[in-house]
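First the structure, in the form of structure tokens, and then the observations on it.
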Amino acid sequence: MKFELQHTDPASDARTGIITTDHGEIKTPIFMPVGTVGSVKGVHFEELRKQVKAQIILGNTYHLYLRPGLEILKAAGGLHKFNGWERPILTDSGGFQVFSLTGIRKLSEEGCEFRSHIDGSKHIFTPESVMNTERVIGADIIMAFDECPPGKSSYEYAKKSLGLTQRWLDRCIKQLEKTSPLYGYNQSLFPIVQGCTYKDLRSEAAKFVADKGADGNAIGGLAVGEPTEVMYEMIEVVNNILPKDKPRYLMGVGTPQNILEAIERGVDMFDCVMPTRNGRNSMLFTYNGTMNMRNKKWEADFSPIDIDGCDIDIITTKAYLHHLFKAGELLAMQIASIHNLAFYLRLVSDARKHIEKGDFTMWKSSVIEQLGRRI
Ligand code: PRF
């Protein structure tokens with residue numbers, strides 16, 4: 001994998017770049033639609049390519065390991081061959097999912113024992129087993145196995161947890177050195193910076209990660225209940241230390257406003273379930289604010305769902321989408337998901353254009369308030 005930094009904003013830490021993987025290029029800043037089980041919920045790949053213009057999608061090791069399972073994925077020749085998505089894929093390591101999804105789990109130096117959310121069966125993830133699994137899934141970018149501690153963890157817990165994440169990172173690196181990609185193309189490991197909301201832990205974590213010289217680096221453990229301002233502060237602390245010439249990925253973030261604030265602070269990559277999950281719940285994102293399409297006020301509004309923020313081909317009126325949600329039609333969720341993903345991809349693409357033009361901060365200030373409105 002290669003990262004070429006293109007433009008840096010004179011007034012902030014925002015930048016543009018190009019990541020080149022064996023499955024193609026990713027222009028940063030970028031938003032990555034979440035395809036947990038190898039499918040972006042409610043959105044066909046054709047729509048993902050042509051309407052949403054997704055350049056990379058995300059899969060989850062935890063879910064794919066449980067279903068369809070490694071045997072099938074290996075027999076298919078990896079996830080790209082299995083699901084037919086020929087562009088880049090990133091897999092999260094399962095660290096976050098194991099901690100957030102499974103009630104029963106046992107954490108130890110060795111790894112994490114958990115019960116499947118599907119059938120209750122017992123499994124153990126270790127840094128070594130997760131690297132082997134990510135080899136079998138075959139994503140272009142693979143995340144290290146980390147512990148994402150709860151947002152309100154004590155300093156003591158956060159420090160102890162960070163130590164574990166660091167030792168696990170070393171074990172991930174060792175395991176990758178011992179093994180090779182299975183399908184003839186390269187895989188890049190991204191380490192994850194943890195450290196909760198403690199500045200000194202975040203700096204230490206960022207230095208530790210920077211020293212590894214990885215192809216890209218991630219910031220985890222944020223957007224887990226801490227105030228937004230604290231999240232921005234942590235991003236600043238970490239990005240002051242992470243290398244400038246490698247992509248930086250902020251995991252699981254966020255709202256359109258969060259994304260612009262993080263781009264301003266030097267983040268290049270994002271993923272979040274918000275556009276699809278909220279879409280399924282009848283919420284649309286636009287440059288003018290968010291809309292709840294179940295609201296009666298759209299009942300007879302025959303204007304298109306979004307005129308300026310989203311250049312997709314779906315000619316849908318607000319009234320029609322309102323009707324589809326009220327009638328419980330599957331199509332309502334599909335349209336809302338496609339619209340929201342297209343909007344998120346449009347947002348990062350607009351950010352990129354304004355960084356290139358040199359007026360990113362001015363543009364950001366002019367749109368950010370509207371984005372948070374409820375219409
Ligand atoms: N670690 C991993 N995946 C994640 C996170 C993390 O901390 C987050 C936190 N926002 C989202 N996804 N491995």
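Scheme for the structure tokens: letters A, B, ... for chains in order shown; per-chain residue numbers from 1; ligand numbers from 1 in order shown.
Close contacts of Ser365 (chain A), defined as residues with an atom at most 12 Å away when counting only C-alpha atoms, with chain neighbours fewer than 2 positions off set aside, comprise Gln257, Leu260, Glu261, Glu264, Ala351, His354, Asp359, Phe360, Thr361, Met362, Trp363, Val367, Ile368, Glu369, Gln370 and Leu371 of chain A.
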**OP:** Run DSSP on the backbone of this structure and report the residues of region 63-127 of chain A it assigns to helix (DSSP H, G or I), as JSON, numbers by chain.
**Re:** {"A": [63, 64, 65, 66, 70, 71, 72, 73, 74, 75, 76, 79, 80, 81, 82, 83, 95, 96, 97, 98, 99, 100, 101, 127]}
Set the cut-off to 7 Å, count only C-alpha atoms and all ligand atoms, and list whatever residues fall near ligand 1 as a JSON list (two decimals) with N, CA, C and O atoms, in the first residue's frame.
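Okay, this is what ended up in pocket15.json:
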```json
[["chain", "number", "residue", "atom", "x", "y", "z"],
["A", 92, "ASP", "N", -12.19, -4.54, 10.25],
["A", 92, "ASP", "CA", -11.94, -4.26, 11.66],
["A", 92, "ASP", "C", -11.65, -5.61, 12.32],
["A", 92, "ASP", "O", -12.09, -6.66, 11.85],
["A", 93, "SER", "N", -10.90, -5.55, 13.42],
["A", 93, "SER", "CA", -10.34, -6.76, 14.00],
["A", 93, "SER", "C", -11.29, -7.57, 14.86],
["A", 93, "SER", "O", -10.97, -8.69, 15.24],
["A", 94, "GLY", "N", -12.41, -6.98, 15.22],
["A", 94, "GLY", "CA", -13.31, -7.69, 16.13],
["A", 94, "GLY", "C", -13.12, -7.22, 17.56],
["A", 94, "GLY", "O", -13.94, -7.51, 18.43],
["A", 95, "GLY", "N", -12.02, -6.49, 17.82],
["A", 95, "GLY", "CA", -11.78, -5.98, 19.16],
["A", 95, "GLY", "C", -13.01, -5.24, 19.68],
["A", 95, "GLY", "O", -13.55, -5.56, 20.73],
["A", 96, "PHE", "N", -13.47, -4.30, 18.90],
["A", 96, "PHE", "CA", -14.59, -3.46, 19.31],
["A", 96, "PHE", "C", -15.89, -4.25, 19.40],
["A", 96, "PHE", "O", -16.65, -4.12, 20.36],
["A", 143, "MET", "N", -7.06, -4.34, 10.54],
["A", 143, "MET", "CA", -6.86, -3.62, 11.80],
["A", 143, "MET", "C", -6.26, -4.55, 12.86],
["A", 143, "MET", "O", -6.56, -5.73, 12.90],
["A", 144, "ALA", "N", -5.41, -3.96, 13.70],
["A", 144, "ALA", "CA", -4.82, -4.71, 14.81],
["A", 144, "ALA", "C", -5.90, -5.08, 15.82],
["A", 144, "ALA", "O", -6.94, -4.42, 15.90],
["A", 145, "PHE", "N", -5.63, -6.12, 16.60],
["A", 145, "PHE", "CA", -6.57, -6.54, 17.65],
["A", 145, "PHE", "C", -6.29, -5.70, 18.89],
["A", 145, "PHE", "O", -5.18, -5.71, 19.42],
["A", 146, "ASP", "N", -7.30, -4.96, 19.32],
["A", 146, "ASP", "CA", -7.12, -4.00, 20.43],
["A", 146, "ASP", "C", -8.22, -4.20, 21.47],
["A", 146, "ASP", "O", -9.21, -4.87, 21.21],
["A", 147, "GLU", "N", -8.04, -3.59, 22.61],
["A", 147, "GLU", "CA", -9.16, -3.48, 23.54],
["A", 147, "GLU", "C", -9.66, -2.06, 23.49],
["A", 147, "GLU", "O", -8.87, -1.11, 23.63],
["A", 148, "CYS", "N", -10.97, -1.89, 23.27],
["A", 148, "CYS", "CA", -11.58, -0.56, 23.28],
["A", 148, "CYS", "C", -12.28, -0.44, 24.63],
["A", 148, "CYS", "O", -13.40, -0.92, 24.80],
["A", 192, "ILE", "N", -3.83, 0.59, 16.22],
["A", 192, "ILE", "CA", -4.88, 1.47, 16.76],
["A", 192, "ILE", "C", -4.39, 2.16, 18.04],
["A", 192, "ILE", "O", -3.92, 1.49, 18.96],
["A", 194, "GLN", "N", -5.12, 3.77, 21.46],
["A", 194, "GLN", "CA", -6.16, 3.83, 22.48],
["A", 194, "GLN", "C", -5.70, 4.84, 23.56],
["A", 194, "GLN", "O", -4.86, 5.68, 23.29],
["A", 220, "GLY", "N", -8.63, 4.78, 17.86],
["A", 220, "GLY", "CA", -9.80, 4.07, 18.38],
["A", 220, "GLY", "C", -10.20, 4.63, 19.72],
["A", 220, "GLY", "O", -9.61, 5.61, 20.21],
["A", 221, "GLY", "N", -11.21, 4.03, 20.33],
["A", 221, "GLY", "CA", -11.60, 4.39, 21.68],
["A", 221, "GLY", "C", -12.23, 5.77, 21.81],
["A", 221, "GLY", "O", -12.34, 6.30, 22.91],
["A", 222, "LEU", "N", -12.67, 6.35, 20.68],
["A", 222, "LEU", "CA", -13.36, 7.64, 20.75],
["A", 222, "LEU", "C", -14.80, 7.46, 20.25],
["A", 222, "LEU", "O", -15.13, 6.43, 19.69],
["A", 223, "ALA", "N", -15.63, 8.48, 20.51],
["A", 223, "ALA", "CA", -17.06, 8.38, 20.21],
["A", 223, "ALA", "C", -17.67, 7.21, 20.97],
["A", 223, "ALA", "O", -18.49, 6.45, 20.46],
["A", 224, "VAL", "N", -17.21, 7.03, 22.21],
["A", 224, "VAL", "CA", -17.77, 5.98, 23.05],
["A", 224, "VAL", "C", -18.36, 6.59, 24.33],
["A", 224, "VAL", "O", -18.26, 6.02, 25.40],
["A", 251, "MET", "N", -11.80, 5.69, 13.93],
["A", 251, "MET", "CA", -12.73, 4.55, 13.85],
["A", 251, "MET", "C", -14.11, 4.84, 14.43],
["A", 251, "MET", "O", -14.25, 5.33, 15.55],
["A", 252, "GLY", "N", -15.14, 4.57, 13.61],
["A", 252, "GLY", "CA", -16.53, 4.63, 14.10],
["A", 252, "GLY", "C", -17.08, 6.02, 14.27],
["A", 252, "GLY", "O", -17.99, 6.25, 15.05],
["A", 253, "VAL", "N", -16.57, 6.98, 13.52],
["A", 253, "VAL", "CA", -17.03, 8.39, 13.63],
["A", 253, "VAL", "C", -17.45, 8.87, 12.26],
["A", 253, "VAL", "O", -16.70, 8.67, 11.29]]
```
Using only C-alpha atoms, what does the table of region 93-168 of chain A residues within 9 Å of region 74-80 of chain A look like, with each row giving the shortest atom pair and its distance in Å to one decimal, sorted by chain and ascending number, as JSON lines?
```
{"residue": "A:Arg135", "atom": "CA", "partner": "A:Gly78", "partner_atom": "CA", "distance": 8.5}
{"residue": "A:Val136", "atom": "CA", "partner": "A:Lys74", "partner_atom": "CA", "distance": 5.7}
{"residue": "A:Ile137", "atom": "CA", "partner": "A:Gly78", "partner_atom": "CA", "distance": 4.9}
{"residue": "A:Gly138", "atom": "CA", "partner": "A:Gly78", "partner_atom": "CA", "distance": 5.2}
{"residue": "A:Ala139", "atom": "CA", "partner": "A:Leu79", "partner_atom": "CA", "distance": 7.1}
```
**OP:** Rank nothing, just name the residue among A:Gly328, A:Pro247, A:Pro256, A:Gly84 nearest to Val348 (chain A), using only C-alpha atoms.
**Re:**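 Looking only at the distances to Val348 (chain A), the closest residue turns out to be A:Pro256.
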Subject >> Neighbour list for Asn281 (chain A) as an MDAnalysis selection string, cut-off 12 Å, only C-alpha atoms, skip fewer than 5 positions in-chain >> reply: chainID A and resid 273:276 291:295 322 325:326 328 330 332:337 340
**OP:** Using DSSP on the backbone, list every residue of region 7-190 of chain A that comes out as strand (DSSP E), and give them as a ChimeraX atom specification.
**Re:** /A:7-8,15-21,24-28,30-32,57-60,89-92,105-107,112-115,122-125,141-143,188-190
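Remark: for Pro88 (chain A), the closest of the candidate residues A:Glu329, A:Asp140, A:Glu356, A:Glu110 is A:Asp140 (distances computed over only C-alpha atoms).
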**OP:** Give the answer as one residue: which of A:Leu321, A:Met32, A:Met231, A:Ala218 has the shortest atom-to-atom distance to Lys53 (chain A), using only C-alpha atoms?
**Re:**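 Ranked by minimum distance to Lys53 (chain A), first place goes to A:Met32.
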Subject >> All residues 9 Å or closer to Leu201 (chain A), only C-alpha atoms, same chain fewer than 4 positions away omitted, as a ChimeraX atom specification >> reply: /A:155,158-159,162,194-197,205-206
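If only C-alpha atoms are the atoms counted, then among A:Lys246, A:Lys199, A:Gly151, A:Tyr62 the closest residue to Phe114 (chain A) is A:Tyr62.
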Subject >> For Lys106 (chain A): contacts at 12 Å, only C-alpha atoms, fewer than 2 positions along chain excluded, given as number ranges by chain >> reply: A: 98-99, 102-104, 108-115, 122-126
Subject >> Selected residue, from A:Ile355, A:Ile375, A:Val267, A:Leu345, that lies nearest to Lys50 (chain A) when counting only C-alpha atoms >> reply: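 Once distances to Lys50 (chain A) are computed over only C-alpha atoms, the minimum belongs to A:Leu345.
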Original post:
Any idea what's packed within 12 Å of Tyr249 (chain A), counting only C-alpha atoms, ignoring anything in its chain fewer than 3 positions away? Could you give it as a PyMOL selection string?
Top reply: chain A and resi 28-32+90+92+141-143+190-193+215-220+222+235+238-239+242+246+252-253+259+262-263+265-272
Original post:
Which of these, A:Lys364, A:His339, A:Arg280, A:Arg87, has the shortest distance to Ile305 (chain A) once you count only C-alpha atoms?
Top reply: A:His339
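Coordinates place CA of Glu134 (chain A) at a distance of 9.4 Å from CA of Asn60 (chain A).
The two atoms in question, CA of Gly59 (chain A) and CA of Val34 (chain A), are spaced 6.6 Å apart.
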Original post:
What separation in Å, quoted to one decimal, exists between CA of Gly24 (chain A) and CA of Phe3 (chain A)?
Top reply: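 These two atoms are separated by 12.1 Å.
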